[in-house]
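entry-v9.csv follows (CSV, C-alpha atoms):
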```csv
chain,number,residue,atom,x,y,z
Q,29,MET,CA,-38.0,5.7,17.5
Q,30,LEU,CA,-38.8,3.0,15.0
Q,31,SER,CA,-38.4,5.5,12.2
Q,32,VAL,CA,-34.9,6.5,13.5
Q,33,VAL,CA,-33.8,2.8,13.5
Q,34,LEU,CA,-35.1,2.3,10.0
Q,35,LEU,CA,-33.3,5.5,8.8
Q,36,LEU,CA,-30.0,4.4,10.4
Q,37,SER,CA,-30.4,0.9,8.7
Q,38,VAL,CA,-31.0,2.5,5.3
Q,39,LEU,CA,-28.0,4.8,5.8
Q,40,SER,CA,-25.7,1.9,6.9
Q,41,LEU,CA,-26.8,0.0,3.8
Q,42,GLY,CA,-26.0,2.9,1.6
Q,43,VAL,CA,-22.5,3.3,3.2
Q,44,SER,CA,-21.7,-0.4,2.9
Q,45,SER,CA,-23.1,-1.0,-0.6
Q,46,GLN,CA,-20.2,0.9,-2.3
Q,47,PRO,CA,-17.3,-1.3,-0.9
Q,48,THR,CA,-19.4,-4.4,-1.8
Q,49,ASP,CA,-19.8,-3.2,-5.4
Q,50,ASP,CA,-16.1,-2.4,-5.6
Q,51,GLN,CA,-15.1,-5.7,-4.2
Q,52,ARG,CA,-17.3,-7.5,-6.7
Q,53,LEU,CA,-15.9,-5.5,-9.6
Q,54,PHE,CA,-12.4,-6.1,-8.3
Q,55,SER,CA,-13.0,-9.8,-7.9
Q,56,ILE,CA,-14.1,-10.0,-11.5
Q,57,ALA,CA,-11.2,-8.0,-12.8
Q,58,VAL,CA,-8.6,-10.0,-10.8
Q,59,SER,CA,-10.2,-13.3,-12.0
Q,60,ARG,CA,-10.0,-12.2,-15.6
Q,61,VAL,CA,-6.4,-11.0,-15.4
Q,62,GLN,CA,-5.4,-14.3,-13.6
Q,63,HIS,CA,-6.9,-16.2,-16.6
Q,64,LEU,CA,-4.9,-14.0,-19.0
Q,65,HIS,CA,-1.7,-14.5,-17.0
Q,66,LEU,CA,-2.2,-18.3,-17.1
Q,67,LEU,CA,-3.0,-18.1,-20.8
Q,68,ALA,CA,0.2,-16.1,-21.4
Q,69,GLN,CA,2.3,-18.6,-19.5
Q,70,ARG,CA,0.8,-21.4,-21.4
Q,71,LEU,CA,1.3,-19.8,-24.8
Q,72,PHE,CA,4.9,-18.9,-24.0
Q,73,SER,CA,5.7,-22.4,-22.7
Q,74,GLU,CA,4.1,-24.1,-25.7
Q,75,PHE,CA,6.1,-21.8,-28.1
Q,76,GLU,CA,9.3,-22.3,-26.2
Q,77,SER,CA,8.9,-26.1,-26.1
Q,78,SER,CA,8.4,-26.1,-29.9
Q,79,LEU,CA,11.8,-24.6,-30.5
Q,80,GLN,CA,15.0,-26.5,-30.8
Q,81,ALA,CA,17.5,-26.2,-28.0
Q,82,GLU,CA,19.8,-23.9,-29.9
Q,83,GLN,CA,17.0,-21.6,-30.9
Q,84,ARG,CA,15.8,-21.5,-27.3
Q,85,GLN,CA,19.2,-20.4,-26.0
Q,86,LEU,CA,19.6,-17.8,-28.8
Q,87,ASN,CA,16.2,-16.3,-28.0
Q,88,LYS,CA,17.1,-16.0,-24.4
Q,89,ILE,CA,20.4,-14.3,-25.2
Q,90,PHE,CA,18.8,-11.8,-27.7
Q,91,LEU,CA,15.6,-11.2,-25.8
Q,92,GLN,CA,15.2,-7.4,-25.5
Q,93,ASP,CA,15.8,-6.0,-22.0
Q,94,PHE,CA,12.6,-4.0,-22.2
Q,95,CYS,CA,9.1,-4.4,-23.5
Q,96,ASN,CA,7.0,-1.8,-25.3
Q,97,SER,CA,4.9,-1.3,-22.2
Q,98,ASP,CA,8.0,-0.4,-20.1
Q,99,TYR,CA,7.5,3.1,-21.4
Q,100,ILE,CA,4.5,3.3,-19.1
Q,101,ILE,CA,5.6,4.7,-15.7
Q,102,SER,CA,4.9,2.1,-13.1
Q,103,PRO,CA,6.2,1.1,-9.6
Q,104,ILE,CA,9.9,0.0,-9.7
Q,105,ASP,CA,9.5,-2.7,-7.0
Q,106,LYS,CA,7.0,-4.3,-4.6
Q,107,HIS,CA,7.5,-1.7,-2.0
Q,108,GLU,CA,6.6,1.1,-4.3
Q,109,THR,CA,3.6,-1.0,-5.5
Q,110,GLN,CA,2.4,-1.3,-2.0
Q,111,ARG,CA,2.7,2.5,-1.4
Q,112,SER,CA,0.8,3.4,-4.6
Q,113,SER,CA,-2.8,4.5,-4.3
Q,114,VAL,CA,-5.6,2.4,-5.6
Q,115,LEU,CA,-6.3,4.9,-8.4
Q,116,LYS,CA,-2.7,5.0,-9.5
Q,117,LEU,CA,-2.6,1.1,-9.7
Q,118,LEU,CA,-5.8,1.1,-11.6
Q,119,SER,CA,-4.6,3.8,-14.1
Q,120,ILE,CA,-1.3,1.9,-14.7
Q,121,SER,CA,-3.3,-1.3,-15.2
Q,122,TYR,CA,-5.6,0.4,-17.7
Q,123,ARG,CA,-2.6,1.6,-19.7
Q,124,LEU,CA,-1.0,-1.8,-19.6
Q,125,VAL,CA,-4.1,-3.5,-21.0
Q,126,GLU,CA,-4.5,-0.7,-23.6
Q,127,SER,CA,-0.9,-1.2,-24.7
Q,128,TRP,CA,-1.7,-4.8,-25.7
Q,129,GLU,CA,-4.9,-4.1,-27.7
Q,130,PHE,CA,-3.1,-3.9,-31.0
Q,131,PRO,CA,-0.2,-6.4,-30.4
Q,132,SER,CA,-2.6,-9.0,-29.1
Q,133,ARG,CA,-4.1,-9.3,-32.6
Q,134,SER,CA,-1.0,-11.1,-33.8
Q,135,LEU,CA,-1.6,-13.7,-31.1
Q,136,SER,CA,-5.2,-14.3,-32.2
Q,137,GLY,CA,-4.7,-16.9,-34.8
Q,138,GLY,CA,-4.5,-20.6,-34.7
Q,139,SER,CA,-5.3,-22.4,-31.4
Q,140,ALA,CA,-8.4,-21.7,-29.4
Q,141,PRO,CA,-6.6,-20.1,-26.4
Q,142,ARG,CA,-5.2,-17.4,-28.7
Q,143,ASN,CA,-8.6,-16.5,-29.8
Q,144,GLN,CA,-9.6,-15.7,-26.2
Q,145,ILE,CA,-6.9,-13.0,-25.7
Q,146,SER,CA,-8.4,-9.9,-27.5
Q,147,PRO,CA,-11.9,-10.2,-26.2
Q,148,LYS,CA,-10.7,-10.9,-22.6
Q,149,LEU,CA,-8.4,-7.9,-22.8
Q,150,SER,CA,-11.3,-5.8,-24.0
Q,151,GLU,CA,-13.5,-7.0,-21.1
Q,152,LEU,CA,-10.7,-6.3,-18.6
Q,153,LYS,CA,-10.2,-2.8,-19.9
Q,154,THR,CA,-13.9,-2.1,-19.5
Q,155,GLY,CA,-13.9,-3.4,-16.0
Q,156,ILE,CA,-10.9,-1.4,-15.0
Q,157,LEU,CA,-12.5,1.7,-16.4
Q,158,LEU,CA,-15.5,1.2,-14.3
Q,159,LEU,CA,-13.3,0.8,-11.2
Q,160,ILE,CA,-11.4,4.0,-12.0
Q,161,ARG,CA,-14.7,5.9,-12.3
Q,162,ALA,CA,-15.9,4.4,-9.0
Q,163,ASN,CA,-12.6,5.2,-7.2
Q,164,ARG,CA,-11.5,8.6,-8.5
Q,165,ASP,CA,-11.5,11.4,-6.0
Q,166,GLY,CA,-11.6,14.3,-8.4
Q,167,ALA,CA,-7.9,14.9,-8.3
Q,168,GLU,CA,-7.3,12.3,-11.0
Q,169,GLY,CA,-9.6,11.3,-13.8
Q,170,VAL,CA,-10.1,8.6,-16.4
Q,171,PRO,CA,-6.9,7.9,-18.3
Q,172,ASP,CA,-6.6,9.8,-21.5
Q,173,SER,CA,-6.0,7.3,-24.3
Q,174,SER,CA,-4.5,10.0,-26.5
Q,175,THR,CA,-1.5,10.3,-24.2
Q,176,LEU,CA,-0.6,6.7,-24.7
Q,177,GLN,CA,0.9,6.5,-28.2
Q,178,LEU,CA,3.0,3.4,-28.0
Q,179,ALA,CA,4.3,2.0,-31.3
Q,180,PRO,CA,2.9,-1.5,-31.9
Q,181,TYR,CA,6.2,-3.3,-31.0
Q,182,GLY,CA,8.3,-1.3,-33.4
Q,183,ASN,CA,9.1,-3.1,-36.6
Q,184,TYR,CA,7.6,-6.4,-35.4
Q,185,TYR,CA,5.2,-6.5,-38.4
Q,186,GLN,CA,7.8,-6.0,-41.1
Q,187,SER,CA,8.7,-8.8,-43.4
Q,188,VAL,CA,11.6,-10.7,-41.9
Q,189,GLY,CA,13.3,-14.1,-42.3
Q,190,ALA,CA,12.2,-17.2,-40.4
Q,191,ASP,CA,14.8,-17.0,-37.7
Q,192,GLU,CA,14.0,-13.3,-37.0
Q,193,SER,CA,10.3,-14.0,-37.0
Q,194,LEU,CA,10.8,-16.7,-34.4
Q,195,ARG,CA,12.8,-14.4,-32.2
Q,196,ARG,CA,10.2,-11.6,-32.4
Q,197,THR,CA,7.4,-14.0,-31.6
Q,198,TYR,CA,9.4,-15.2,-28.6
Q,199,GLU,CA,9.9,-11.6,-27.4
Q,200,LEU,CA,6.3,-10.7,-27.9
Q,201,LEU,CA,5.1,-13.7,-25.9
Q,202,ALA,CA,7.7,-13.1,-23.2
Q,203,CYS,CA,6.5,-9.5,-22.9
Q,204,PHE,CA,2.9,-10.5,-22.8
Q,205,LYS,CA,3.5,-12.9,-20.0
Q,206,LYS,CA,5.6,-10.3,-18.1
Q,207,ASP,CA,2.9,-7.6,-18.4
Q,208,MET,CA,0.0,-9.9,-17.4
Q,209,HIS,CA,2.0,-10.7,-14.3
Q,210,LYS,CA,2.4,-7.0,-13.5
Q,211,GLU,CA,-1.3,-6.5,-14.2
Q,212,GLU,CA,-2.3,-9.2,-11.9
Q,213,THR,CA,0.0,-7.8,-9.1
Q,214,TYR,CA,-1.4,-4.3,-9.4
Q,215,LEU,CA,-5.0,-5.3,-9.5
Q,216,THR,CA,-4.6,-7.8,-6.6
Q,217,VAL,CA,-2.9,-5.1,-4.4
Q,218,ALA,CA,-5.6,-2.6,-5.3
Q,219,LYS,CA,-8.4,-5.0,-4.4
Q,220,CYS,CA,-6.7,-5.9,-1.1
Q,221,ARG,CA,-6.7,-2.2,-0.2
Q,222,LEU,CA,-10.5,-2.3,0.1
Q,223,SER,CA,-10.1,-4.7,3.1
Q,224,PRO,CA,-8.3,-2.7,5.8
Q,225,GLU,CA,-7.8,-5.9,7.9
Q,226,ALA,CA,-6.2,-7.7,5.0
Q,227,ASN,CA,-2.5,-8.2,4.7
Q,228,CYS,CA,-1.5,-6.8,1.3
Q,229,THR,CA,2.2,-7.7,1.4
Q,230,LEU,CA,3.6,-9.1,-1.8
```

This entry written out as C-alpha coordinates:
Amino acid sequence: MLSVVLLLSVLSLGVSSQPTDDQRLFSIAVSRVQHLHLLAQRLFSEFESSLQAEQRQLNKIFLQDFCNSDYIISPIDKHETQRSSVLKLLSISYRLVESWEFPSRSLSGGSAPRNQISPKLSELKTGILLLIRANRDGAEGVPDSSTLQLAPYGNYYQSVGADESLRRTYELLACFKKDMHKEETYLTVAKCRLSPEANCTL
(Lines of atoms letter the chains of each structure in order from A and count residues from 1; the text may use other names and numbers.)
(Lines give C-alpha, C1' and ligand atoms only; values in the text may rest on other atoms or scores of the structure.)
Protein backbone atom coordinates (compact mmCIF):
# COMPACT_ATOMS: atom_id res chain seq x y z
CA MET A 1 0.00 0.00 0.00
CA LEU A 2 2.80 2.37 0.94
CA SER A 3 4.57 1.61 -2.35
CA VAL A 4 1.42 2.49 -4.30
CA VAL A 5 1.13 5.83 -2.47
CA LEU A 6 4.79 6.57 -3.18
CA LEU A 7 4.35 5.68 -6.85
CA LEU A 8 1.32 7.97 -7.17
CA SER A 9 3.26 10.77 -5.50
CA VAL A 10 6.15 10.38 -7.94
CA LEU A 11 3.77 10.31 -10.90
CA SER A 12 1.94 13.41 -9.72
CA LEU A 13 5.25 15.21 -9.31
CA GLY A 14 6.21 14.21 -12.83
CA VAL A 15 2.94 15.50 -14.25
CA SER A 16 3.09 18.80 -12.39
CA SER A 17 6.77 19.53 -13.02
CA GLN A 18 6.28 20.41 -16.71
CA PRO A 19 3.76 23.27 -16.19
CA THR A 20 5.97 24.59 -13.40
CA ASP A 21 9.00 24.64 -15.69
CA ASP A 22 6.96 26.26 -18.46
CA GLN A 23 5.60 28.88 -16.08
CA ARG A 24 9.12 29.71 -14.91
CA LEU A 25 10.42 30.02 -18.48
CA PHE A 26 7.41 32.11 -19.48
CA SER A 27 7.86 34.39 -16.46
CA ILE A 28 11.48 35.03 -17.44
CA ALA A 29 10.54 35.68 -21.08
CA VAL A 30 7.70 38.04 -20.16
CA SER A 31 9.94 39.90 -17.71
CA ARG A 32 12.60 40.36 -20.39
CA VAL A 33 10.19 41.57 -23.04
CA GLN A 34 8.59 43.98 -20.57
CA HIS A 35 12.04 45.43 -19.93
CA LEU A 36 12.65 45.76 -23.68
CA HIS A 37 9.26 47.40 -24.19
CA LEU A 38 9.98 49.95 -21.45
CA LEU A 39 13.41 50.56 -22.93
CA ALA A 40 11.87 51.09 -26.38
CA GLN A 41 9.37 53.58 -24.96
CA ARG A 42 12.15 55.43 -23.16
CA LEU A 43 14.40 55.65 -26.23
CA PHE A 44 11.53 56.81 -28.42
CA SER A 45 10.43 59.45 -25.88
CA GLU A 46 13.98 60.72 -25.42
CA PHE A 47 14.52 60.99 -29.16
CA GLU A 48 11.17 62.66 -29.75
CA SER A 49 11.77 65.20 -26.98
CA SER A 50 15.13 66.11 -28.54
CA LEU A 51 13.43 67.22 -31.76
CA GLN A 52 12.09 70.64 -32.47
CA ALA A 53 8.30 70.95 -32.62
CA GLU A 54 8.27 71.25 -36.43
CA GLN A 55 10.47 68.17 -36.86
CA ARG A 56 8.27 66.20 -34.49
CA GLN A 57 5.14 67.02 -36.46
CA LEU A 58 6.77 66.24 -39.81
CA ASN A 59 7.99 62.88 -38.52
CA LYS A 60 4.49 61.96 -37.40
CA ILE A 61 3.09 62.93 -40.79
CA PHE A 62 5.67 60.99 -42.77
CA LEU A 63 5.92 58.00 -40.46
CA GLN A 64 5.48 54.87 -42.54
CA ASP A 65 2.17 53.07 -42.19
CA PHE A 66 3.99 49.77 -41.74
CA CYS A 67 7.13 48.42 -40.13
CA ASN A 68 9.43 45.81 -41.63
CA SER A 69 8.08 43.19 -39.23
CA ASP A 70 4.54 43.74 -40.51
CA TYR A 71 5.43 41.20 -43.20
CA ILE A 72 5.29 38.59 -40.43
CA ILE A 73 1.78 37.11 -40.41
CA SER A 74 0.30 37.77 -36.98
CA PRO A 75 -3.13 38.21 -35.31
CA ILE A 76 -4.99 41.23 -36.65
CA ASP A 77 -6.67 42.10 -33.36
CA LYS A 78 -6.99 41.11 -29.70
CA HIS A 79 -9.74 38.57 -30.43
CA GLU A 80 -7.57 36.68 -32.91
CA THR A 81 -4.67 36.88 -30.45
CA GLN A 82 -6.79 35.24 -27.77
CA ARG A 83 -7.88 32.49 -30.17
CA SER A 84 -4.32 31.71 -31.29
CA SER A 85 -2.55 28.65 -29.91
CA VAL A 86 0.37 28.95 -27.51
CA LEU A 87 2.72 27.55 -30.14
CA LYS A 88 1.50 30.02 -32.78
CA LEU A 89 2.02 32.97 -30.42
CA LEU A 90 5.49 31.70 -29.54
CA SER A 91 6.41 31.24 -33.21
CA ILE A 92 5.30 34.79 -34.07
CA SER A 93 7.18 36.13 -31.05
CA TYR A 94 10.31 34.29 -32.19
CA ARG A 95 10.08 35.82 -35.66
CA LEU A 96 9.48 39.30 -34.25
CA VAL A 97 12.61 39.11 -32.11
CA GLU A 98 14.58 37.68 -35.02
CA SER A 99 13.46 40.55 -37.27
CA TRP A 100 15.16 43.00 -34.89
CA GLU A 101 18.51 41.26 -34.54
CA PHE A 102 20.12 43.24 -37.35
CA PRO A 103 18.30 46.61 -37.02
CA SER A 104 18.94 46.69 -33.26
CA ARG A 105 22.65 47.13 -33.93
CA SER A 106 21.98 50.64 -35.16
CA LEU A 107 20.46 51.41 -31.75
CA SER A 108 23.45 50.04 -29.85
CA GLY A 109 25.65 53.08 -29.71
CA GLY A 110 25.79 55.95 -27.28
CA SER A 111 23.80 55.71 -24.08
CA ALA A 112 23.93 52.70 -21.76
CA PRO A 113 20.29 51.65 -22.33
CA ARG A 114 20.97 51.26 -26.06
CA ASN A 115 23.80 48.86 -25.28
CA GLN A 116 21.32 46.56 -23.54
CA ILE A 117 19.11 45.99 -26.59
CA SER A 118 21.07 43.46 -28.65
CA PRO A 119 22.06 41.14 -25.78
CA LYS A 120 18.55 41.23 -24.32
CA LEU A 121 17.00 40.41 -27.70
CA SER A 122 19.42 37.49 -28.00
CA GLU A 123 18.48 36.21 -24.52
CA LEU A 124 14.78 36.57 -25.30
CA LYS A 125 15.15 34.68 -28.59
CA THR A 126 16.91 31.81 -26.78
CA GLY A 127 14.18 31.69 -24.13
CA ILE A 128 11.38 31.64 -26.72
CA LEU A 129 13.13 28.84 -28.60
CA LEU A 130 13.22 26.77 -25.40
CA LEU A 131 9.50 27.40 -24.89
CA ILE A 132 8.72 26.39 -28.48
CA ARG A 133 10.61 23.14 -28.04
CA ALA A 134 8.80 22.47 -24.76
CA ASN A 135 5.34 23.20 -26.21
CA ARG A 136 5.44 21.81 -29.73
CA ASP A 137 3.07 18.92 -30.35
CA GLY A 138 4.72 17.42 -33.42
CA ALA A 139 2.44 19.22 -35.85
CA GLU A 140 4.58 22.31 -35.82
CA GLY A 141 8.29 22.59 -35.22
CA VAL A 142 10.92 25.16 -34.45
CA PRO A 143 10.70 28.22 -36.72
CA ASP A 144 12.93 27.97 -39.77
CA SER A 145 15.15 31.05 -39.83
CA SER A 146 15.75 30.61 -43.54
CA THR A 147 12.09 31.41 -44.27
CA LEU A 148 12.41 34.82 -42.64
CA GLN A 149 14.39 36.97 -45.05
CA LEU A 150 13.35 40.49 -44.14
CA ALA A 151 15.40 43.34 -45.53
CA PRO A 152 17.12 45.32 -42.76
CA TYR A 153 14.71 48.23 -42.97
CA GLY A 154 15.18 48.81 -46.66
CA ASN A 155 17.57 51.63 -47.51
CA TYR A 156 17.82 52.78 -43.90
CA TYR A 157 21.60 52.41 -43.91
CA GLN A 158 22.24 54.38 -47.09
CA SER A 159 23.89 57.76 -46.80
CA VAL A 160 21.23 60.42 -46.44
CA GLY A 161 20.92 64.03 -45.39
CA ALA A 162 20.44 65.12 -41.79
CA ASP A 163 16.67 65.59 -42.05
CA GLU A 164 16.15 62.21 -43.72
CA SER A 165 18.37 60.55 -41.12
CA LEU A 166 16.26 62.02 -38.33
CA ARG A 167 13.07 60.77 -39.95
CA ARG A 168 14.46 57.27 -40.41
CA THR A 169 15.66 57.11 -36.83
CA TYR A 170 12.21 58.23 -35.70
CA GLU A 171 10.60 55.47 -37.80
CA LEU A 172 13.01 52.81 -36.54
CA LEU A 173 12.42 53.68 -32.89
CA ALA A 174 8.64 53.89 -33.42
CA CYS A 175 8.63 50.43 -35.04
CA PHE A 176 10.80 48.98 -32.28
CA LYS A 177 8.39 50.29 -29.64
CA LYS A 178 5.39 48.96 -31.58
CA ASP A 179 6.93 45.50 -32.03
CA MET A 180 8.01 45.16 -28.41
CA HIS A 181 4.43 45.97 -27.40
CA LYS A 182 3.16 43.20 -29.71
CA GLU A 183 5.83 40.83 -28.38
CA GLU A 184 4.81 41.54 -24.78
CA THR A 185 1.13 40.96 -25.61
CA TYR A 186 1.73 37.61 -27.36
CA LEU A 187 4.00 36.22 -24.64
CA THR A 188 1.70 37.40 -21.85
CA VAL A 189 -1.34 35.73 -23.45
CA ALA A 190 0.64 32.53 -24.10
CA LYS A 191 1.83 32.45 -20.48
CA CYS A 192 -1.71 33.01 -19.23
CA ARG A 193 -2.90 29.94 -21.17
CA LEU A 194 -0.92 27.72 -18.78
CA SER A 195 -3.25 28.78 -15.98
CA PRO A 196 -6.73 27.52 -16.95
CA GLU A 197 -8.35 29.45 -14.13
CA ALA A 198 -6.76 32.72 -15.21
CA ASN A 199 -8.62 35.40 -17.15
CA CYS A 200 -6.57 35.97 -20.32
CA THR A 201 -8.69 38.78 -21.78
CA LEU A 202 -6.80 41.74 -23.21

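Atom to atom, atom CA of Gln83 of chain Q and atom CA of Ile145 of chain Q stand 25.9 Å apart.
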
**Message:** Ranking Q:Val125, Q:Cys220, Q:Ser132, Q:Leu158 by minimum distance to Val61 of chain Q and counting all atoms listed in the file, which one comes first?
**Reply:**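 Ranked by minimum distance to Val61 of chain Q, first place goes to Q:Val125.
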
**Message:** Between atom CA of Tyr122 of chain Q and atom CA of Ile156 of chain Q, what is the distance in Å, rounded to a tenth?
**Reply:**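 Atom CA of Tyr122 of chain Q sits 6.2 Å away from atom CA of Ile156 of chain Q.
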
**Request:** Would you mind listing what lies within 8 Å of segment 100-109 of chain Q as a VMD selection string, with all atoms listed in the file counted and same-chain residues fewer than 5 positions away left out?
**Result:** chain Q and resid 117 120 123 to 124 214 217 230

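Take atom CA of Val114 of chain Q and atom CA of Glu151 of chain Q: the distance between them is 19.8 Å.
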
**Request:** Could you tell me which of Q:Ala81, Q:Leu118, Q:Leu64, Q:Leu201 comes closest to Thr154 of chain Q if we count all atoms listed in the file?
**Result:**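 Checking each candidate against Thr154 of chain Q, we get Q:Leu118 as the closest.
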
**Prompt:** Using only C-alpha atoms, which of Q:Cys228, Q:Ala202, Q:Leu152, Q:Ala68 sits nearest Ile56 of chain Q?
**Reply:**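 Checking each of Q:Cys228, Q:Ala202, Q:Leu152, Q:Ala68 against Ile56 of chain Q, counting only C-alpha atoms, the winner is Q:Leu152.
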
**Item:** Minimum-distance residue to Glu211 of chain Q, chosen among Q:Thr197, Q:Gln62, Q:Ser146, Q:Ser134 (using all atoms listed in the file)
**Value:** Q:Gln62

**Request:** Please determine the residues with any atom at most 9 Å from (-11.9, 1.8, -11.2) (coordinates as given in the file, with only C-alpha atoms counting) and report them as a ChimeraX atom specification.
**Result:** /Q:50,53-54,114-115,118-119,155-164,170

**Request:** Considering only C-alpha atoms, state which residue in the set Q:Thr213, Q:Glu129, Q:Glu74, Q:Lys219 is at the smallest distance from Arg52 of chain Q.
**Result:** Q:Lys219

**Prompt:** So which one's closest to Phe130 of chain Q, Q:Leu149, Q:Gln144, Q:Gln110, Q:Glu82? Using all atoms listed in the file, please.
**Reply:**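 The closest residue to Phe130 of chain Q is Q:Leu149.
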
**Message:** Show me, as a count of residues only, the residues that have an atom within 12 Å of Ser78 of chain Q when counting all atoms listed in the file, minus same-chain residues fewer than 6 positions from it.
**Reply:** 5
